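**Q** My file is model12.cif. It has mmCIF, C-alpha atoms (C1' of nucleotides):
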data_model
#
loop_
_atom_site.label_atom_id
_atom_site.label_comp_id
_atom_site.auth_asym_id
_atom_site.auth_seq_id
_atom_site.Cartn_x
_atom_site.Cartn_y
_atom_site.Cartn_z
CA MET A 1 -28.53 8.60 -6.84
CA GLY A 2 -31.14 7.73 -9.40
CA ALA A 3 -28.57 6.40 -11.83
CA THR A 4 -29.46 3.18 -13.62
CA ILE A 5 -27.25 0.20 -14.31
CA VAL A 6 -28.08 -0.73 -17.86
CA GLU A 7 -25.49 -3.43 -18.42
CA VAL A 8 -23.15 -5.59 -16.37
CA ARG A 9 -20.12 -7.45 -17.62
CA CYS A 10 -18.40 -9.97 -15.42
CA GLY A 11 -14.95 -11.16 -16.40
CA ARG A 12 -14.12 -13.13 -13.28
CA HIS A 13 -17.01 -14.82 -11.62
CA ASN A 14 -15.42 -15.82 -8.34
CA MET A 15 -14.99 -12.23 -7.16
CA LEU A 16 -18.64 -12.32 -6.15
CA ALA A 17 -18.55 -13.93 -2.74
CA THR A 18 -21.16 -15.13 -0.32
CA THR A 19 -24.59 -13.95 -1.13
CA SER A 20 -27.99 -13.85 0.45
CA LEU A 21 -29.57 -13.08 -2.88
CA ARG A 22 -30.28 -16.28 -4.78
CA SER A 23 -30.54 -14.97 -8.28
CA PRO A 24 -28.60 -15.10 -11.52
CA ARG A 25 -25.26 -13.36 -11.33
CA PRO A 26 -26.17 -10.29 -13.41
CA VAL A 27 -29.11 -9.67 -11.10
CA ARG A 28 -26.90 -9.99 -8.05
CA LEU A 29 -24.49 -7.57 -9.70
CA LEU A 30 -27.37 -5.08 -9.87
CA ASN A 31 -28.15 -5.37 -13.56
CA GLY A 32 -31.17 -3.21 -14.39
CA ALA A 33 -31.24 -1.57 -10.99
CA THR A 34 -31.70 2.06 -10.11
CA VAL A 35 -29.34 3.31 -7.44
CA ALA A 36 -31.08 4.48 -4.28
CA SER A 37 -28.07 5.23 -2.11
CA LEU A 38 -24.37 4.72 -1.63
CA GLN A 39 -23.27 3.81 1.85
CA ARG A 40 -20.04 3.09 3.65
CA HIS A 41 -19.02 1.58 6.95
CA GLY A 42 -15.36 1.24 7.69
CA LYS A 43 -13.68 -0.21 4.64
CA GLN A 44 -16.87 -1.53 3.09
CA MET A 45 -18.98 0.35 0.58
CA ALA A 46 -22.49 -0.59 -0.46
CA ILE A 47 -24.67 0.25 -3.41
CA VAL A 48 -28.32 0.04 -2.38
CA THR A 49 -30.89 -0.04 -5.16
CA VAL A 50 -34.50 1.07 -5.33
CA ASP A 51 -35.76 -2.52 -5.52
CA GLY A 52 -33.82 -3.47 -2.39
CA ARG A 53 -30.84 -5.24 -3.85
CA VAL A 54 -27.50 -4.50 -2.22
CA LEU A 55 -23.98 -4.93 -3.51
CA VAL A 56 -21.17 -4.64 -0.97
CA VAL A 57 -17.79 -3.60 -2.33
CA HIS A 58 -14.58 -4.12 -0.39
CA LEU A 59 -11.43 -3.03 -2.22
CA GLY A 60 -9.00 -5.03 -0.12
CA MET A 61 -5.39 -4.11 -0.83
CA SER A 62 -5.26 -3.54 -4.54
CA GLY A 63 -8.86 -3.02 -5.56
CA ARG A 64 -10.06 0.08 -7.34
CA MET A 65 -13.33 1.35 -8.76
CA THR A 66 -12.98 3.83 -11.57
CA PHE A 67 -15.27 5.54 -14.05
CA GLU A 68 -14.21 5.10 -17.64
CA SER A 69 -15.62 5.99 -21.02
CA ALA A 70 -15.14 2.53 -22.56
CA PRO A 71 -15.64 -0.99 -21.26
CA PRO A 72 -12.52 -2.97 -20.33
CA THR A 73 -10.96 -5.05 -23.06
CA ASP A 74 -10.36 -8.80 -22.90
CA ALA A 75 -6.68 -8.12 -22.35
CA ASP A 76 -7.56 -6.25 -19.16
CA ARG A 77 -7.16 -9.36 -16.99
CA HIS A 78 -7.82 -7.66 -13.69
CA ALA A 79 -10.99 -5.84 -14.67
CA HIS A 80 -13.34 -8.28 -12.97
CA VAL A 81 -16.68 -6.50 -13.22
CA ALA A 82 -17.89 -3.51 -15.23
CA TRP A 83 -21.19 -1.69 -14.89
CA LEU A 84 -22.58 0.62 -17.56
CA VAL A 85 -24.11 3.43 -15.53
CA GLN A 86 -26.64 5.81 -17.00
CA PRO A 87 -26.90 8.93 -14.81
CA LYS A 88 -30.34 10.22 -13.95
CA SER A 89 -31.51 12.42 -16.76
CA PRO A 90 -32.29 15.15 -17.26
CA SER A 91 -30.40 16.64 -14.39
CA LYS A 92 -27.60 19.04 -13.72
CA PRO A 93 -24.45 17.02 -14.09
CA LYS A 94 -22.97 16.66 -10.64
CA VAL A 95 -20.47 14.09 -11.73
CA PRO A 96 -17.36 14.34 -13.89
CA TRP A 97 -18.91 12.29 -16.64
CA GLY A 98 -21.99 14.48 -16.87
CA ASN A 99 -25.12 12.90 -18.26
CA THR A 100 -23.34 10.42 -20.48
CA ALA A 101 -23.41 6.73 -19.66
CA HIS A 102 -20.04 5.65 -18.29
CA TRP A 103 -18.48 2.41 -17.23
CA LEU A 104 -17.77 1.80 -13.59
CA VAL A 105 -14.95 -0.75 -13.54
CA PHE A 106 -13.88 -2.91 -10.60
CA ARG A 107 -10.23 -3.93 -10.88
CA ASP A 108 -8.35 -5.93 -8.33
CA PRO A 109 -5.03 -7.52 -9.33
CA ARG A 110 -4.38 -9.24 -6.01
CA ARG A 111 -7.99 -10.30 -5.67
CA PHE A 112 -8.07 -9.69 -1.95
CA GLY A 113 -11.11 -7.53 -2.56
CA GLU A 114 -14.66 -8.77 -2.38
CA LEU A 115 -18.04 -8.16 -3.89
CA ALA A 116 -21.02 -9.52 -2.00
CA SER A 117 -24.64 -9.36 -3.01
CA LEU A 118 -27.29 -9.09 -0.33
CA ALA A 119 -31.01 -9.47 -0.65
CA SER A 120 -32.04 -6.43 1.35
CA PRO A 121 -30.91 -3.36 3.28
CA THR A 122 -31.76 -5.39 6.39
CA ALA A 123 -29.13 -7.94 5.42
CA LEU A 124 -26.65 -5.09 5.01
CA GLU A 125 -27.53 -3.81 8.44
CA ARG A 126 -26.96 -7.27 9.87
CA ARG A 127 -23.62 -7.55 8.13
CA TRP A 128 -22.45 -4.19 9.36
CA ARG A 129 -23.65 -4.77 12.90
CA ALA A 130 -20.82 -7.28 13.18
CA LEU A 131 -18.36 -4.44 12.64
CA GLY A 132 -17.28 -1.94 15.26
CA PRO A 133 -18.22 1.74 15.03
CA ASP A 134 -16.90 3.60 12.01
CA ALA A 135 -13.58 5.08 13.11
CA PHE A 136 -13.98 8.14 10.92
CA LEU A 137 -17.55 9.13 11.66
CA ALA A 138 -18.50 7.67 15.03
CA PRO A 139 -18.48 10.02 18.03
CA PRO A 140 -15.40 9.63 20.24
CA ASP A 141 -17.61 8.20 22.99
CA ALA A 142 -18.49 5.26 20.80
CA LEU A 143 -14.85 4.58 20.01
CA MET A 144 -14.02 4.89 23.69
CA ALA A 145 -16.64 2.28 24.53
CA ALA A 146 -15.18 0.01 21.86
CA LEU A 147 -11.59 0.24 23.09
CA ARG A 148 -11.82 0.73 26.83
CA GLY A 149 -10.55 -2.14 28.93
CA LEU A 150 -9.64 -4.45 26.05
CA ARG A 151 -6.91 -6.92 26.99
CA ARG A 152 -5.40 -6.71 23.57
CA GLN A 153 -2.43 -5.12 21.95
CA ALA A 154 -3.37 -1.65 20.78
CA LYS A 155 -2.46 -2.33 17.19
CA ALA A 156 -4.35 -5.61 17.05
CA ALA A 157 -7.43 -3.86 18.39
CA LEU A 158 -7.19 -1.00 15.90
CA LEU A 159 -6.84 -3.41 13.00
CA ASP A 160 -9.73 -5.60 14.12
CA GLN A 161 -12.73 -4.41 12.14
CA ALA A 162 -15.05 -5.95 14.71
CA VAL A 163 -13.63 -3.57 17.33
CA LEU A 164 -13.69 -0.47 15.19
CA ALA A 165 -14.11 -0.27 11.46
CA GLY A 166 -11.98 1.52 8.95
CA VAL A 167 -8.43 1.58 10.30
CA GLY A 168 -5.81 -0.35 8.34
CA ASN A 169 -2.11 -0.91 8.80
CA ILE A 170 -0.90 2.53 7.75
CA TYR A 171 -3.33 4.54 9.81
CA ALA A 172 -2.97 2.27 12.84
CA ASP A 173 0.76 3.03 12.97
CA GLU A 174 0.26 6.73 12.32
CA SER A 175 -2.45 7.02 14.98
CA LEU A 176 -0.48 5.13 17.61
CA PHE A 177 2.54 7.34 16.99
CA ARG A 178 0.46 10.51 17.27
CA ALA A 179 -0.97 9.28 20.55
CA GLY A 180 2.35 8.10 21.98
CA VAL A 181 1.03 4.57 22.40
CA HIS A 182 3.24 1.60 21.59
CA PRO A 183 1.70 -0.87 19.11
CA THR A 184 2.09 -3.79 21.52
CA GLN A 185 0.68 -1.83 24.43
CA SER A 186 -2.19 -3.66 26.09
CA LEU A 187 -5.15 -1.31 26.06
CA ASP A 188 -6.32 -2.23 29.55
CA ARG A 189 -3.15 -0.68 30.93
CA LEU A 190 -3.85 2.72 29.41
CA SER A 191 -5.19 5.63 31.39
CA GLU A 192 -8.46 7.23 30.38
CA ASP A 193 -6.54 10.29 29.22
CA ARG A 194 -4.31 8.24 27.01
CA LEU A 195 -7.27 6.46 25.45
CA VAL A 196 -8.91 9.79 24.73
CA ARG A 197 -5.69 10.86 23.10
CA LEU A 198 -5.55 7.70 21.01
CA ILE A 199 -9.08 8.17 19.76
CA ALA A 200 -8.41 11.79 18.88
CA ALA A 201 -5.27 10.67 17.06
CA ILE A 202 -7.22 8.12 15.03
CA GLN A 203 -9.74 10.71 13.94
CA VAL A 204 -7.11 13.35 13.20
CA THR A 205 -5.15 10.83 11.13
CA LEU A 206 -8.15 9.62 9.15
CA THR A 207 -9.42 13.14 8.55
CA ALA A 208 -6.03 14.30 7.28
CA ALA A 209 -5.73 11.23 5.06
CA VAL A 210 -9.20 11.64 3.59
CA ASN A 211 -8.53 15.33 2.95
CA SER A 212 -5.38 14.40 1.04
CA GLY A 213 -7.15 11.78 -1.02
CA GLY A 214 -5.75 8.78 0.83
CA SER A 215 -2.36 7.07 0.67
CA THR A 216 -1.08 5.70 -2.60
CA LEU A 217 1.79 3.29 -2.10
CA ARG A 218 1.27 1.52 -5.35
CA ASP A 219 -2.29 0.81 -6.31
CA TYR A 220 -4.72 3.14 -4.72
CA VAL A 221 -6.66 5.60 -6.88
CA ASP A 222 -10.08 7.16 -6.40
CA ALA A 223 -13.06 6.78 -8.70
CA ASN A 224 -11.53 9.30 -11.09
CA ALA A 225 -8.22 7.45 -11.18
CA GLN A 226 -6.53 10.10 -9.04
CA ALA A 227 -3.76 8.87 -6.76
CA GLY A 228 -3.75 9.92 -3.12
CA GLY A 229 -1.27 12.33 -1.59
CA TYR A 230 -1.22 11.41 2.06
CA GLN A 231 1.75 9.07 1.72
CA SER A 232 4.05 12.11 1.71
CA TYR A 233 2.67 13.07 5.13
CA HIS A 234 3.22 9.69 6.77
CA LEU A 235 4.98 10.41 10.05
CA ILE A 236 6.45 6.96 10.58
CA TYR A 237 4.83 4.42 8.25
CA GLY A 238 7.50 2.98 5.96
CA ARG A 239 10.23 4.88 7.78
CA ALA A 240 11.80 2.19 9.97
CA GLY A 241 15.42 3.10 10.64
CA GLU A 242 14.88 6.77 9.87
CA ALA A 243 14.89 9.43 12.56
CA CYS A 244 11.78 9.82 14.67
CA PRO A 245 10.16 13.12 13.68
CA THR A 246 9.74 13.96 17.36
CA CYS A 247 12.89 12.82 19.18
CA GLY A 248 15.28 12.03 16.36
CA ARG A 249 16.13 8.53 17.53
CA PRO A 250 15.87 5.74 14.95
CA LEU A 251 12.37 4.39 14.41
CA GLU A 252 12.07 0.69 15.11
CA GLY A 253 10.63 -1.80 12.69
CA LEU A 254 8.75 -4.68 14.26
CA THR A 255 5.91 -7.08 13.69
CA ALA A 256 2.75 -6.46 15.66
CA ALA A 257 -0.53 -8.25 15.16
CA GLY A 258 1.23 -10.11 12.37
CA ARG A 259 1.81 -7.00 10.32
CA THR A 260 4.71 -4.78 9.42
CA THR A 261 4.87 -2.08 12.06
CA VAL A 262 6.92 1.02 12.76
CA ALA A 263 7.15 2.75 16.12
CA CYS A 264 9.39 4.97 18.22
CA SER A 265 10.28 3.09 21.37
CA THR A 266 11.05 6.38 23.08
CA CYS A 267 7.96 8.37 22.15
CA GLN A 268 5.67 5.33 22.38
CA ARG A 269 6.68 3.89 25.74
CA LEU A 270 5.18 0.64 26.89
CA ILE A 271 3.25 0.83 30.14
CA HIS A 272 3.29 -2.45 32.03
CA LYS A 273 1.81 -1.45 35.34
CA ARG A 274 -1.72 -0.48 36.03
CA ARG A 275 -2.12 3.22 36.49
CA GLY A 276 -3.58 4.64 39.68
CA LYS A 277 -1.92 2.16 42.02
CA VAL A 278 0.84 3.57 44.12
CA ALA A 279 3.53 1.35 45.58
CA GLY A 280 3.17 1.10 49.32
CA SER A 281 -0.51 1.90 49.43
CA SER A 282 -2.79 -0.57 51.11
CA GLY A 283 -4.02 -3.67 49.36
"C1'" DC B 1 -10.42 -14.78 24.49
"C1'" DT B 2 -5.69 -13.76 22.41
"C1'" DG B 3 -2.10 -14.14 19.43
"C1'" DC B 4 0.44 -16.68 16.12
"C1'" DT B 5 1.21 -18.66 11.33
"C1'" DC B 6 -0.24 -19.61 7.01
"C1'" DC B 7 -2.87 -18.71 2.99
"C1'" DC B 8 -5.43 -16.37 -0.86
"C1'" DC B 9 -3.01 -13.65 -5.52
"C1'" DT B 10 -0.21 -10.67 -8.44
"C1'" DG B 11 3.23 -7.26 -9.43
"C1'" DG B 12 6.89 -4.11 -8.29
"C1'" DG B 13 11.36 -3.25 -6.53
"C1'" DA B 14 15.87 -4.68 -4.75
"C1'" DG B 15 19.79 -7.20 -5.46
"C1'" DC B 16 22.69 -10.34 -7.88
"C1'" DT C 1 18.95 -7.03 -19.27
"C1'" DG C 2 17.09 -10.86 -16.78
"C1'" DC C 3 16.43 -13.60 -13.04
"C1'" DT C 4 15.17 -14.61 -8.16
"C1'" DC C 5 13.63 -13.31 -3.85
"C1'" DC C 6 11.03 -10.56 -0.88
"C1'" DC C 7 7.52 -7.65 0.20
"C1'" DA C 8 2.85 -5.49 0.27
"C1'" DG C 9 -2.52 -1.19 2.17
"C1'" DG C 10 -6.78 -7.09 4.04
"C1'" DG C 11 -8.75 -10.68 6.29
"C1'" DG C 12 -10.15 -15.49 7.31
"C1'" DA C 13 -8.95 -20.27 9.02
"C1'" DG C 14 -6.75 -23.19 12.04
"C1'" DC C 15 -4.07 -23.93 15.96
"C1'" DA C 16 -1.57 -23.20 20.56
#
Once you've parsed the file, please lay out its structure as structure tokens.

**A**
Amino acid sequence: MGATIVEVRCGRHNMLATTSLRSPRPVRLLNGATVASLQRHGKQMAIVTVDGRVLVVHLGMSGRMTFESAPPTDADRHAHVAWLVQPKSPSKPKVPWGNTAHWLVFRDPRRFGELASLASPTALERRWRALGPDAFLAPPDALMAALRGLRRQAKAALLDQAVLAGVGNIYADESLFRAGVHPTQSLDRLSEDRLVRLIAAIQVTLTAAVNSGGSTLRDYVDANAQAGGYQSYHLIYGRAGEACPTCGRPLEGLTAAGRTTVACSTCQRLIHKRRGKVAGSSG
DNA sequence: CTGCTCCCCTGGGAGC
DNA sequence: TGCTCCCAGGGGAGCA
């Protein structure tokens, strides 16, 4: 907070997507701005500046934002944008780079990431209202309200950022396994108890992952270029064919919601019938 | 609405 | 070693 962006370099212009801020590109990329706050909702981050500009950052699959002492070179083909950041001074250094100006570099080889400039915090609010509650921070009640009664496959719902925000393919599989819910299970067939269990599983999974610095399969590093460690704790993700950690039977690999999925067909039984109806009772 | 399939793009690993 | 094929953490569009 209070840091100033004193220079912006943009190597690939088309990373900056839709914008509600009609200004020259350096302005939209926050050139000259003083940072007011950093925010996050689900997988999206936002830099909000004192003069009201907003830059939304979505890392996609291979994106990374790292602090570096030198600007990227021309040979660095995937360094799309670099900001020279001057920390607030004088102040006690709370950041690894102290009070020295450092480069914040956005790299994204696959270019599935996105930068979007918005004209105001109101526009950010509007954008994020289209997303479901943040899966990591929202109270379980809010997640319950988002999931209850949906006639959708559990995995599809978890991956849909408009239902709840922040769960991707890895953590969807891990959460469903923890909760004993099959990925293709329609949510409207789940009991209240099972839904509560699923929501708890999502929050346990995300908390554990965040505490371990995330999952690095290939690309992911944090702002200090540190890889994550959670991949070694994955219960089932990437383990199709291996033994289920609970029952020992082989984990199945399948496609659900169009994505690579792993599940244990024994521990994550599909429920086809509505709960609470007993055969033979009146109709 | 829901779920498919395809597409955006590059790089790493497996297999020949 | 070098080549090809296949796959990937996201998400939007278009279609059934």

**Q** Sorted by chain and rising residue number, which residues of chain C lie within 10 Å of chain A, and what are their closest atom pairs and distances in Å to one decimal, counting all atoms listed in the file, as a tab-separated table?

**A**
residue	atom	partner	partner_atom	distance
C:DA8	C1'	A:Met61	CA	8.4
C:DG9	C1'	A:Met61	CA	5.1
C:DG10	C1'	A:Gly60	CA	5.1
C:DG11	C1'	A:Phe112	CA	8.3

**Q** Residues as selected, C-alpha atoms (C1' of nucleotides), written as an mmCIF file, in the frame of the given file, can you do that?

**A**
data_model
loop_
_atom_site.group_PDB
_atom_site.id
_atom_site.type_symbol
_atom_site.label_atom_id
_atom_site.label_comp_id
_atom_site.auth_asym_id
_atom_site.auth_seq_id
_atom_site.Cartn_x
_atom_site.Cartn_y
_atom_site.Cartn_z
ATOM 1 C "C1'" DA C 8 2.850 -5.490 0.270
ATOM 2 C "C1'" DG C 9 -2.520 -1.190 2.170
ATOM 3 C "C1'" DG C 10 -6.780 -7.090 4.040
ATOM 4 C "C1'" DG C 11 -8.750 -10.680 6.290
#

**Q** Could you expand the PyMOL selection byres ((chain A) within 12 of (chain B)) into the explicit residues it covers here, written as a short mmCIF file (atom, residue, chain, number, x, y, z; two decimals) with C-alpha atoms, in the frame of the given file?

**A**
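Dumped to selection-v6.cif:
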data_model
loop_
_atom_site.label_atom_id
_atom_site.label_comp_id
_atom_site.auth_asym_id
_atom_site.auth_seq_id
_atom_site.Cartn_x
_atom_site.Cartn_y
_atom_site.Cartn_z
CA GLY A 60 -9.00 -5.03 -0.12
CA MET A 61 -5.39 -4.11 -0.83
CA SER A 62 -5.26 -3.54 -4.54
CA GLY A 63 -8.86 -3.02 -5.56
CA ARG A 77 -7.16 -9.36 -16.99
CA HIS A 78 -7.82 -7.66 -13.69
CA ASP A 108 -8.35 -5.93 -8.33
CA PRO A 109 -5.03 -7.52 -9.33
CA ARG A 110 -4.38 -9.24 -6.01
CA ARG A 111 -7.99 -10.30 -5.67
CA PHE A 112 -8.07 -9.69 -1.95
CA GLY A 113 -11.11 -7.53 -2.56
CA LEU A 150 -9.64 -4.45 26.05
CA ARG A 151 -6.91 -6.92 26.99
CA ARG A 152 -5.40 -6.71 23.57
CA GLN A 153 -2.43 -5.12 21.95
CA ALA A 156 -4.35 -5.61 17.05
CA ALA A 157 -7.43 -3.86 18.39
CA THR A 184 2.09 -3.79 21.52
CA SER A 186 -2.19 -3.66 26.09
CA LEU A 217 1.79 3.29 -2.10
CA ARG A 218 1.27 1.52 -5.35
CA ASP A 219 -2.29 0.81 -6.31
CA THR A 255 5.91 -7.08 13.69
CA ALA A 256 2.75 -6.46 15.66
CA ALA A 257 -0.53 -8.25 15.16
CA GLY A 258 1.23 -10.11 12.37
CA ARG A 259 1.81 -7.00 10.32
#

**Q** In Å, with one decimal, what is the gap from atom CA of A:Leu270 to atom CA of A:Leu164?

**A**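 Atom CA of A:Leu164 lies at a distance of 22.2 Å from atom CA of A:Leu270.
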
**Q** Quick one: pull the distance between atom CA of A:Gly238 and atom CA of A:Gly253, Å, one decimal.

**A**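 That distance, rounded to one decimal, is 8.8 Å.
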
**Q** When you count all atoms listed in the file, which of these residues is closest to A:Arg197: A:Pro140, A:Pro24, A:Pro87, A:Gly166?

**A**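 Nearest candidate to A:Arg197 out of A:Pro140, A:Pro24, A:Pro87, A:Gly166: A:Pro140.
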
**Q** Applied to this file, what does the PyMOL selection byres ((chain A and resi 213) around 8) return in terms of residues, put as a PDB file with C-alpha atoms, in the frame of the given file?

**A**
ATOM      1  CA  ALA A 209      -5.730  11.230   5.060  1.00  0.00           C
ATOM      2  CA  VAL A 210      -9.200  11.640   3.590  1.00  0.00           C
ATOM      3  CA  ASN A 211      -8.530  15.330   2.950  1.00  0.00           C
ATOM      4  CA  SER A 212      -5.380  14.400   1.040  1.00  0.00           C
ATOM      5  CA  GLY A 214      -5.750   8.780   0.830  1.00  0.00           C
ATOM      6  CA  SER A 215      -2.360   7.070   0.670  1.00  0.00           C
ATOM      7  CA  ASP A 222     -10.080   7.160  -6.400  1.00  0.00           C
ATOM      8  CA  ALA A 227      -3.760   8.870  -6.760  1.00  0.00           C
ATOM      9  CA  GLY A 228      -3.750   9.920  -3.120  1.00  0.00           C
ATOM     10  CA  GLY A 229      -1.270  12.330  -1.590  1.00  0.00           C
ATOM     11  CA  TYR A 230      -1.220  11.410   2.060  1.00  0.00           C
TER      12      TYR A 230
END

**Q** Leaving out A:Trp128 and any residue of its chain fewer than 6 positions from it, which residues lie within 10 Å of it when counting all atoms listed in the file, given as a list in words?

**A**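 That gives Arg40, His41, Gly42, Gln44, Thr122, Asp134, Ala162 and Ala165 of chain A.
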
**Q** The centre and edge lengths of an axis-aligned box containing all atoms of stretch 10-14 of chain B present in the file, extended by 3 Å on each side, are to be given in Å to one decimal, as JSON.

**A**
{"center_x": 7.8, "center_y": -7.0, "center_z": -7.1, "size_x": 22.1, "size_y": 13.4, "size_z": 10.7}
